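Take a look at the structure below.
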Amino acid sequence: MMFDFESEVDQAVAKIHTQRPVRSGTLVRLVGLRLEARGIMAPVGACCEVIGQSGKRIEAEVVGFADSTIFLMPFTEPVGIGPGDKVRVLSDTDHVLLGEELLGRVIDARGQPLDGKPQPACTNTLGLLGLPLNPMERGPIDRVLDVGVKAINGLLTLGRGQRVGLIAGSGVGKSVLLGMLTRFTKADIVVIGLIGERGREVQAFINETLGPEGLAKSVVIAAPANVSPVLRLKAAHLSHVVAEYFRDQGRDVLMLVDSLTRVAHAQREIGLAIGEPPTSKGYPPSVFALLPNLIERAGVGRHGHGSITAIYTVLAEGDDGNDPIVDIARASLDGQVMLSRKLADAAHYPAIELTGSISRVMQNLLSPADLKMANRFRRLWSLYQQNVDLIQVGAYQAGSNPEIDQSIAMRDTMENFLRQDMYSGVEETRTRVDLRVLMEL
């Protein structure tokens, strides 16, 4: 029996081709935001290109599959795309280019410049989801972060590497306080993710809030409300991986994400489009898995080298403090700063409501004497709030409770301490002195 070498080679080549993933297929369906393709093999997260018969090309990301059908979410409106159009894989994974060249730049969710300047000439490559960090290797949060806002420095002291939520309804000064934190916080690098918000706010934030000096040490990633939910989600991940890159160099990074709620909305749109069941307020289960994973990427680096102090704005829709996104943010973060519509209506800015606000690492950062003063201030403020109706109608009798008497006597002084001009920062050491003088009156 003769050995047919050419036949054996042909069979081996055919076997290899049958095992190799098919890199192109056909678009078969469009349902809402979801494209469906068959005849193609691609993993979740792969970037694909849909080529229309008219020559129209759009990019899309694989967000799910069912049997031999893959689900894609387009980056742009799928206008000009129809059944039978070709779908091909561009890349199986999503990587980003990182480097010092990003400083002072404004980029979109895919790292493309939005500021009219050339593409940043970065050379370091990292996956969009970053690298997991062993929790046993994280350093402790043991250094005070000076944010330049008296109410936070004195009564809600933050540490380098802390994750904090800025929780508020619409129109109560959230963006103003975010701008104050951007200008006054002492950090080496500032990473700002403007995700799902109004497009006009991007330029206003850069020109009015950051300014040339602030932008020089910042990286701004913008994905406004009118872009695809996939790109909004990518912008959130890109903000984190940029912050991780600078943290791993040993730098102290301030990361501001505005807003975590819009990130949840983007994931909700994707989840519902691929058939996930809606739960509380229509949020699918993937939202409640995404947010804690995203938040855990921030914090102190390995063995205390570098840190990411993350401040996430959380929109309490309809001023609902029990909104599911507010709930999961409270459970996952290291503290929250609540903003009050009542204070904002009274022109009390920043409208920080101490009742409900907390820093969970404050006791590890302050001396016992400073911590006692801060807690005393908070108690007097809360006592007045709890009895304000009785006080205002004259039903409270002076002398009934010494602490309430003191809270009434110090009310104006405490309000003046908490108020602050949006363009004037106050250092943490100066805040401590002012608080000590105030509480010793």
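Identifiers in this document derive from the order of the structure tokens: chains are assigned A, B, ..., residues are numbered from 1 separately in each chain, and ligands are numbered from 1 in order of occurrence.
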Checklist line | Exercise: Val164 (chain A) partners within 6 Å, only C-alpha atoms, chain neighbours under 3 positions left out, as a list in words | finding: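 The residues satisfying every condition are Ile311, Leu333, Asp334, Gly335 and Gln336 of chain A.
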Notebook entry, point to check: Do you have the CA of Ile308 (chain A)-CA of Val253 (chain A) distance handy?
Noted result: 4.7 Å
Note to self: I want to know what sits within 8 Å of Val172 (chain A), based on only C-alpha atoms, with residues of the same chain fewer than 3 positions away left out; could you give that as a list in words?
What the structure shows: Ala168, Gly169, Leu339, Ser340, Arg341, Ala344 and Ala351 of chain A
Margin query: With only C-alpha atoms as the counted atoms, please give the residues lying no more than 7 Å from Arg38 (chain A), apart from itself and same-chain residues fewer than 4 positions off, as a PyMOL selection string.
Written below: chain A and resi 25-28+68-70
Per-residue nearest contacts of region 257-330 of chain A to region 209-227 of chain A (10 Å; only C-alpha atoms) as a Markdown table:
| residue | atom | partner | partner_atom | distance |
| --- | --- | --- | --- | --- |
| A:Val257 | CA | A:Ile221 | CA | 9.5 |
| A:Asp258 | CA | A:Ala222 | CA | 9.8 |
| A:Arg262 | CA | A:Ala225 | CA | 8.3 |
| A:Ala266 | CA | A:Ala225 | CA | 9.4 |
How would the residues just chosen look if you wrote them out with all heavy atoms as a compact mmCIF listing (two decimals), in the first residue's frame?
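File written: result-v8.txt
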# COMPACT_ATOMS: atom_id res chain seq x y z
N VAL A 257 -15.43 60.52 37.87
CA VAL A 257 -16.32 59.91 36.88
C VAL A 257 -17.70 60.52 37.04
O VAL A 257 -18.34 60.38 38.07
CB VAL A 257 -16.38 58.38 37.04
CG1 VAL A 257 -17.37 57.78 36.05
CG2 VAL A 257 -15.00 57.76 36.84
N ASP A 258 -18.13 61.22 35.99
CA ASP A 258 -19.43 61.89 36.00
C ASP A 258 -20.23 61.37 34.80
O ASP A 258 -20.01 61.79 33.67
CB ASP A 258 -19.22 63.40 35.90
CG ASP A 258 -20.51 64.19 36.03
OD1 ASP A 258 -21.50 63.64 36.54
OD2 ASP A 258 -20.52 65.36 35.60
N ARG A 262 -24.93 57.12 34.71
CA ARG A 262 -24.98 57.01 33.25
C ARG A 262 -24.24 55.77 32.76
O ARG A 262 -24.60 55.21 31.73
CB ARG A 262 -24.39 58.26 32.60
CG ARG A 262 -25.01 59.58 33.04
CD ARG A 262 -26.51 59.62 32.83
NE ARG A 262 -27.05 60.94 33.16
CZ ARG A 262 -28.33 61.18 33.36
NH1 ARG A 262 -29.21 60.21 33.27
NH2 ARG A 262 -28.75 62.39 33.67
N ALA A 266 -25.95 52.86 30.48
CA ALA A 266 -25.37 52.28 29.27
C ALA A 266 -25.41 50.75 29.33
O ALA A 266 -25.80 50.08 28.36
CB ALA A 266 -23.93 52.76 29.10
Notebook entry, point to check: Which residue out of A:Leu315, A:Leu291, A:Leu166, A:Ile81 has the minimum interatomic distance to Lys56 (chain A) when only C-alpha atoms are used?
Noted result: A:Ile81
Item checked: Surrounding residues of Gln249 (chain A) excluding itself and chain neighbours under 2 positions, 8 Å, only C-alpha atoms, as a PyMOL selection string -> chain A and resi 245-247+251+305-306
Could the residues in this selection be written to a file with N, CA and C atoms, as a compact mmCIF listing (two decimals), in the first residue's frame?
# COMPACT_ATOMS: atom_id res chain seq x y z
N TYR A 245 -2.75 53.06 34.98
CA TYR A 245 -1.42 53.19 34.37
C TYR A 245 -0.56 54.17 35.17
N PHE A 246 -1.12 55.34 35.50
CA PHE A 246 -0.34 56.33 36.25
C PHE A 246 -0.16 55.90 37.70
N ARG A 247 -1.16 55.23 38.28
CA ARG A 247 -1.00 54.75 39.66
C ARG A 247 0.15 53.76 39.76
N ARG A 251 2.28 57.20 41.22
CA ARG A 251 1.71 58.54 41.36
C ARG A 251 0.35 58.49 42.06
N HIS A 305 2.24 51.76 46.83
CA HIS A 305 2.88 52.59 45.80
C HIS A 305 1.82 53.13 44.84
N GLY A 306 1.58 54.43 44.91
CA GLY A 306 0.59 55.04 44.05
C GLY A 306 -0.82 54.81 44.56
Next item on the list: Quick one: pick out all helix (DSSP H, G or I) residues within region 54-302 of chain A from a backbone DSSP run and write them as a ChimeraX atom specification.
Entry: /A:100-102,135-137,150-155,174-184,200-216,229-247,260-273,280-282,285-295
Notebook entry, point to check: Looking at A:Leu114, A:Ile152, A:Leu98, A:Ala66, which one is nearest to His240 (chain A), with distances taken over only C-alpha atoms?
Noted result: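 Checking each of A:Leu114, A:Ile152, A:Leu98, A:Ala66 against His240 (chain A), counting only C-alpha atoms, the winner is A:Leu98.
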Next item on the list: Write out as a PyMOL selection string all residues of region 123-225 of chain A that backbone DSSP assigns to strand (DSSP E or B).
Entry: chain A and resi 124-127+138+144-145+158-159+163-168+189-195+218-223
Check: CA of Gly80 (chain A) to CA of Ile40 (chain A): how many Å, to one decimal?
Finding: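 Rounded to one decimal, the two atoms are 21.0 Å apart.
Summary of the local environment: counting only C-alpha atoms, residues at most 12 Å from Met422 (chain A), other than itself and those fewer than 6 positions away along its chain, are Gly148, Val149, Lys150, Gly173, Lys174, Ser175, Val176, Leu177, Leu178, Gly179, Met180, Leu181, Thr182, Arg183, Phe184, Glu208, Thr209, His348, Tyr349, Pro350 and Ala351 of chain A.
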Could you save the residues just selected, with all heavy atoms, as a compact mmCIF listing (two decimals), in the first residue's frame?
# COMPACT_ATOMS: atom_id res chain seq x y z
N GLY A 148 -9.36 70.74 49.41
CA GLY A 148 -9.59 72.18 49.34
C GLY A 148 -11.00 72.63 49.64
O GLY A 148 -11.30 73.82 49.52
N VAL A 149 -11.88 71.72 50.05
CA VAL A 149 -13.27 72.06 50.40
C VAL A 149 -13.42 71.87 51.91
O VAL A 149 -13.24 70.76 52.42
CB VAL A 149 -14.27 71.18 49.64
CG1 VAL A 149 -15.71 71.52 50.03
CG2 VAL A 149 -14.09 71.34 48.13
N LYS A 150 -13.76 72.94 52.62
CA LYS A 150 -13.77 72.91 54.09
C LYS A 150 -14.68 71.83 54.65
O LYS A 150 -14.31 71.12 55.59
CB LYS A 150 -14.18 74.27 54.65
CG LYS A 150 -13.16 75.36 54.51
CD LYS A 150 -13.54 76.57 55.35
CE LYS A 150 -14.80 77.24 54.82
NZ LYS A 150 -15.17 78.44 55.60
N GLY A 173 -26.03 71.50 42.38
CA GLY A 173 -24.64 71.93 42.49
C GLY A 173 -23.62 70.82 42.42
O GLY A 173 -22.48 71.01 42.85
N LYS A 174 -24.00 69.69 41.85
CA LYS A 174 -23.07 68.57 41.74
C LYS A 174 -21.87 68.92 40.86
O LYS A 174 -20.72 68.66 41.22
CB LYS A 174 -23.83 67.37 41.18
CG LYS A 174 -23.04 66.08 41.10
CD LYS A 174 -23.94 64.92 40.76
CE LYS A 174 -24.35 64.86 39.31
NZ LYS A 174 -25.52 65.64 38.93
N SER A 175 -22.13 69.52 39.71
CA SER A 175 -21.05 69.86 38.79
C SER A 175 -20.14 70.94 39.37
O SER A 175 -18.92 70.93 39.14
CB SER A 175 -21.64 70.33 37.45
OG SER A 175 -22.38 69.29 36.84
N VAL A 176 -20.72 71.88 40.11
CA VAL A 176 -19.92 72.93 40.74
C VAL A 176 -18.95 72.34 41.76
O VAL A 176 -17.77 72.68 41.79
CB VAL A 176 -20.82 74.00 41.39
CG1 VAL A 176 -19.99 75.00 42.18
CG2 VAL A 176 -21.65 74.72 40.33
N LEU A 177 -19.46 71.44 42.61
CA LEU A 177 -18.60 70.81 43.61
C LEU A 177 -17.53 69.95 42.93
O LEU A 177 -16.38 69.91 43.37
CB LEU A 177 -19.45 69.96 44.56
CG LEU A 177 -18.68 69.21 45.66
CD1 LEU A 177 -17.83 70.17 46.49
CD2 LEU A 177 -19.65 68.45 46.57
N LEU A 178 -17.91 69.28 41.85
CA LEU A 178 -16.93 68.48 41.11
C LEU A 178 -15.82 69.37 40.56
O LEU A 178 -14.63 69.01 40.61
CB LEU A 178 -17.64 67.76 39.96
CG LEU A 178 -16.95 66.53 39.38
CD1 LEU A 178 -16.87 65.43 40.43
CD2 LEU A 178 -17.69 66.03 38.15
N GLY A 179 -16.21 70.55 40.09
CA GLY A 179 -15.20 71.49 39.62
C GLY A 179 -14.27 71.97 40.72
O GLY A 179 -13.06 72.12 40.52
N MET A 180 -14.83 72.22 41.91
CA MET A 180 -13.99 72.62 43.05
C MET A 180 -12.99 71.52 43.40
O MET A 180 -11.81 71.80 43.65
CB MET A 180 -14.88 72.93 44.26
CG MET A 180 -15.78 74.15 44.08
SD MET A 180 -16.94 74.39 45.45
CE MET A 180 -15.82 74.87 46.78
N LEU A 181 -13.45 70.29 43.41
CA LEU A 181 -12.55 69.17 43.73
C LEU A 181 -11.45 69.04 42.68
O LEU A 181 -10.30 68.75 43.00
CB LEU A 181 -13.36 67.87 43.81
CG LEU A 181 -14.38 67.78 44.95
CD1 LEU A 181 -15.24 66.54 44.81
CD2 LEU A 181 -13.69 67.79 46.30
N THR A 182 -11.80 69.29 41.43
CA THR A 182 -10.80 69.22 40.35
C THR A 182 -9.73 70.28 40.52
O THR A 182 -8.54 70.00 40.37
CB THR A 182 -11.49 69.40 38.98
OG1 THR A 182 -12.54 68.44 38.84
CG2 THR A 182 -10.50 69.24 37.85
N ARG A 183 -10.15 71.50 40.86
CA ARG A 183 -9.19 72.60 40.96
C ARG A 183 -8.32 72.53 42.20
O ARG A 183 -7.14 72.85 42.17
CB ARG A 183 -9.93 73.95 40.94
CG ARG A 183 -10.44 74.37 39.59
CD ARG A 183 -10.90 75.83 39.62
NE ARG A 183 -12.01 76.03 40.55
CZ ARG A 183 -13.29 75.87 40.24
NH1 ARG A 183 -13.62 75.49 39.02
NH2 ARG A 183 -14.24 76.09 41.12
N PHE A 184 -8.91 72.14 43.34
CA PHE A 184 -8.23 72.31 44.62
C PHE A 184 -7.55 71.05 45.16
O PHE A 184 -6.69 71.15 46.03
CB PHE A 184 -9.23 72.82 45.67
CG PHE A 184 -9.95 74.07 45.28
CD1 PHE A 184 -11.28 74.27 45.62
CD2 PHE A 184 -9.29 75.08 44.58
CE1 PHE A 184 -11.95 75.43 45.26
CE2 PHE A 184 -9.96 76.25 44.22
CZ PHE A 184 -11.28 76.42 44.56
N GLU A 208 -13.82 76.32 31.64
CA GLU A 208 -14.22 77.09 32.82
C GLU A 208 -13.77 76.45 34.13
O GLU A 208 -13.46 77.15 35.09
CB GLU A 208 -15.74 77.26 32.84
CG GLU A 208 -16.27 78.02 31.62
CD GLU A 208 -17.78 77.98 31.52
OE1 GLU A 208 -18.41 77.60 32.54
OE2 GLU A 208 -18.33 78.31 30.46
N THR A 209 -13.77 75.12 34.17
CA THR A 209 -13.44 74.44 35.41
C THR A 209 -11.96 74.09 35.51
O THR A 209 -11.30 74.40 36.49
CB THR A 209 -14.28 73.15 35.55
OG1 THR A 209 -15.66 73.50 35.53
CG2 THR A 209 -13.97 72.43 36.85
N HIS A 348 -27.12 77.89 49.85
CA HIS A 348 -26.03 77.40 50.70
C HIS A 348 -25.16 76.48 49.84
O HIS A 348 -25.55 75.36 49.54
CB HIS A 348 -26.61 76.63 51.90
CG HIS A 348 -25.57 76.04 52.80
ND1 HIS A 348 -25.44 76.42 54.12
CD2 HIS A 348 -24.60 75.11 52.61
CE1 HIS A 348 -24.46 75.73 54.68
NE2 HIS A 348 -23.94 74.94 53.77
N TYR A 349 -23.99 76.99 49.44
CA TYR A 349 -23.10 76.21 48.56
C TYR A 349 -21.72 76.08 49.18
O TYR A 349 -21.24 77.04 49.78
CB TYR A 349 -22.99 76.88 47.19
CG TYR A 349 -24.27 76.86 46.39
CD1 TYR A 349 -25.00 78.03 46.19
CD2 TYR A 349 -24.75 75.67 45.85
CE1 TYR A 349 -26.17 78.02 45.46
CE2 TYR A 349 -25.92 75.66 45.12
CZ TYR A 349 -26.63 76.82 44.92
OH TYR A 349 -27.79 76.80 44.20
N PRO A 350 -21.07 74.93 49.01
CA PRO A 350 -21.61 73.70 48.42
C PRO A 350 -22.72 73.13 49.30
O PRO A 350 -22.63 73.21 50.53
CB PRO A 350 -20.41 72.77 48.32
CG PRO A 350 -19.46 73.26 49.36
CD PRO A 350 -19.66 74.74 49.43
N ALA A 351 -23.75 72.56 48.67
CA ALA A 351 -24.95 72.12 49.39
C ALA A 351 -24.75 70.74 50.01
O ALA A 351 -25.54 69.81 49.79
CB ALA A 351 -26.14 72.11 48.44
Notebook entry, point to check: Skipping near chain neighbours, those fewer than 4 positions away, what residues fall within 8 Å of Lys234 (chain A) using only C-alpha atoms, listed as a list of chain:residue names?
Noted result: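 Here the qualifying residues turn out to be A:Ala109, A:Arg110, A:Leu128, A:Val230, A:Leu238.
We find CA of Glu276 (chain A) and CA of Pro324 (chain A) to be spaced 17.2 Å apart.
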